[in-house]
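See structure below.
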Amino acid sequence: MIVEHGKHSFKIEDVLGTSATQDLGKLASEGLSEIDIYAGMSVSSPGLIPHDEARLKTYALLQRILQAGWRPMVSRSDPRISGKARFDYFFSVDDTIGLDPLYTPSLEEWMRIESRTDWMFYADHLYMTVSFTRERTLTDPTKPGSYLLNFNVKSEAEYFRGFVEPLKRDQWKELLPAVLAKLAPIRAKTEAELRAKGVKINESYEETPLPSLK
């Protein structure tokens, strides 16, 4: 299956299913707001794969996404750290920050990553998270496991609607500036604490653009 997004298109192999979301109320004119894609990692029956092969296949896929021009993303309240520093911060401080697709973990580190952990990307007004689900009964690193890959793609409007309370989705353009104003100080405080500990901040990180609020 090809995820079509102009020059940012990329291929997903062994797709098992897809689903899409469209608001049929006031937002129906926007079309599809969210797409989910589910893919396997092994075509063999019963779908088992060595854990190290799953690790390498996942990171090869992440590299293809990067090569297609999707940018690694950091949420606006999270510190701009990357590589091993982000991996360590994820496990020791905040397991909602997501992982850096540019850092390839060892097999031991891979086995520590829980199901539904996100790698986050942005490309030309679309936001995407990639994650996997690992069969929890098959976690012996010396024996094959079973994995399912998950891709969630959101429109720009749907992504930023997620910043406001669910019952106020229709008012997201009006409410968004005040919400974003509260996130920058959170990031600044965390980054100051990390700098004091000698953690390198990725000052070159380029924030994703804001949507039109007209």
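Each chain of the structure tokens is named A, B, ... in the order shown, its residues numbered from 1; ligands are numbered from 1 in display order.
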
Practice task
Go through range 30-111 of chain A and collect every residue that DSSP, computed from the backbone, puts in helix (DSSP H, G or I); the answer should be as a PyMOL selection string.
Solution key: chain A and resi 30+51-67+83-92+107-111

I'd like the contact shell of Phe91 in chain A - 12 Å cut-off, only C-alpha atoms, skipping same-chain residues fewer than 3 positions apart - returned as a tab-separated table (two decimals) with N, CA and C atoms, in the first residue's frame.
```tsv
chain	number	residue	atom	x	y	z
A	84	LYS	N	19.85	9.14	22.02
A	84	LYS	CA	19.88	8.34	23.25
A	84	LYS	C	19.34	9.15	24.42
A	85	ALA	N	19.56	10.47	24.42
A	85	ALA	CA	19.07	11.30	25.52
A	85	ALA	C	17.55	11.24	25.59
A	86	ARG	N	16.91	11.26	24.45
A	86	ARG	CA	15.44	11.17	24.44
A	86	ARG	C	14.98	9.78	24.87
A	87	PHE	N	15.68	8.76	24.42
A	87	PHE	CA	15.35	7.39	24.82
A	87	PHE	C	15.43	7.25	26.34
A	88	ASP	N	16.52	7.74	26.93
A	88	ASP	CA	16.70	7.64	28.38
A	88	ASP	C	15.66	8.46	29.13
A	94	ASP	N	9.48	10.58	31.46
A	94	ASP	CA	8.20	10.83	30.81
A	94	ASP	C	7.99	9.88	29.65
A	95	ASP	N	7.15	8.87	29.82
A	95	ASP	CA	6.94	7.88	28.77
A	95	ASP	C	5.85	8.29	27.78
A	96	THR	N	5.47	9.58	27.79
A	96	THR	CA	4.54	10.08	26.78
A	96	THR	C	5.25	10.90	25.70
A	97	ILE	N	6.54	11.12	25.85
A	97	ILE	CA	7.27	12.01	24.94
A	97	ILE	C	7.48	11.39	23.57
A	98	GLY	N	7.40	10.07	23.46
A	98	GLY	CA	7.68	9.42	22.19
A	98	GLY	C	9.18	9.27	21.97
A	99	LEU	N	9.54	8.50	20.96
A	99	LEU	CA	10.95	8.20	20.70
A	99	LEU	C	11.45	8.88	19.43
A	109	GLU	N	17.39	-2.76	24.37
A	109	GLU	CA	16.58	-1.55	24.49
A	109	GLU	C	15.24	-1.71	23.79
A	110	TRP	N	15.26	-2.36	22.62
A	110	TRP	CA	14.03	-2.59	21.87
A	110	TRP	C	13.00	-3.35	22.70
A	112	ARG	N	12.55	-3.26	25.75
A	112	ARG	CA	12.00	-2.42	26.81
A	112	ARG	C	10.88	-1.52	26.31
A	113	ILE	N	10.81	-1.31	25.00
A	113	ILE	CA	9.80	-0.43	24.43
A	113	ILE	C	8.43	-1.11	24.50
A	114	GLU	N	7.49	-0.44	25.13
A	114	GLU	CA	6.15	-1.00	25.29
A	114	GLU	C	5.31	-0.78	24.03
A	117	THR	N	3.97	2.77	21.91
A	117	THR	CA	4.91	3.88	22.04
A	117	THR	C	5.04	4.56	20.68
```

Problem - Residues within 12 Å of Phe151 in chain A, only C-alpha atoms, excluding chain neighbours under 5 positions, as number ranges by chain - result: A: 3, 11-12, 15-20, 34-40, 61-62, 65, 116-121, 127-133

Find the nearest atom pair between each residue of range 60-162 of chain A and range 195-202 of chain A for residues within 9 Å, count only C-alpha atoms, give distances in Å to one decimal, sort rows by chain and ascending number, and present the table as JSON lines.
```
{"residue": "A:Pro79", "atom": "CA", "partner": "A:Ile201", "partner_atom": "CA", "distance": 7.5}
{"residue": "A:Arg80", "atom": "CA", "partner": "A:Asn202", "partner_atom": "CA", "distance": 5.3}
{"residue": "A:Ile81", "atom": "CA", "partner": "A:Ile201", "partner_atom": "CA", "distance": 5.2}
{"residue": "A:Ser82", "atom": "CA", "partner": "A:Asn202", "partner_atom": "CA", "distance": 6.9}
{"residue": "A:Ala85", "atom": "CA", "partner": "A:Val199", "partner_atom": "CA", "distance": 7.2}
```

Problem - Residues near Ala54 in chain A, cut-off 10 Å, only C-alpha atoms, skip fewer than 5 positions along chain, as a list in words - result: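 Here the answer would be Met41, Ser42, Leu48, Ile49, Tyr59, Ala60, Leu107, Trp110, Phe132, Arg134, Pro144, Gly145, Ser146, Tyr147 and Leu148 of chain A.
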
Problem - DSSP-assigned strand (DSSP E) among chain A, expressed as number ranges by chain - result: A: 2-3, 10-11, 15-21, 34-40, 71-72, 119-123, 126-134, 147-155

Practice task
Provide the CA of Ser77 in chain A to CA of Ala184 in chain A distance in Å, to one decimal place.
Solution key: 6.0 Å

Problem - Best match for closeness to Leu175 in chain A among A:Gln22, A:Arg71, A:Glu158, A:Leu213, counting only C-alpha atoms - result: A:Leu213

Exercise for the section: Rounded to one decimal place, report the CA of Ser212 in chain A-CA of Glu156 in chain A distance in Å. Expected result: 9.8 Å

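Counting only C-alpha atoms, the residue from A:Leu32, A:Leu138, A:Val74, A:Leu102 that sits nearest to His51 in chain A is A:Leu138.
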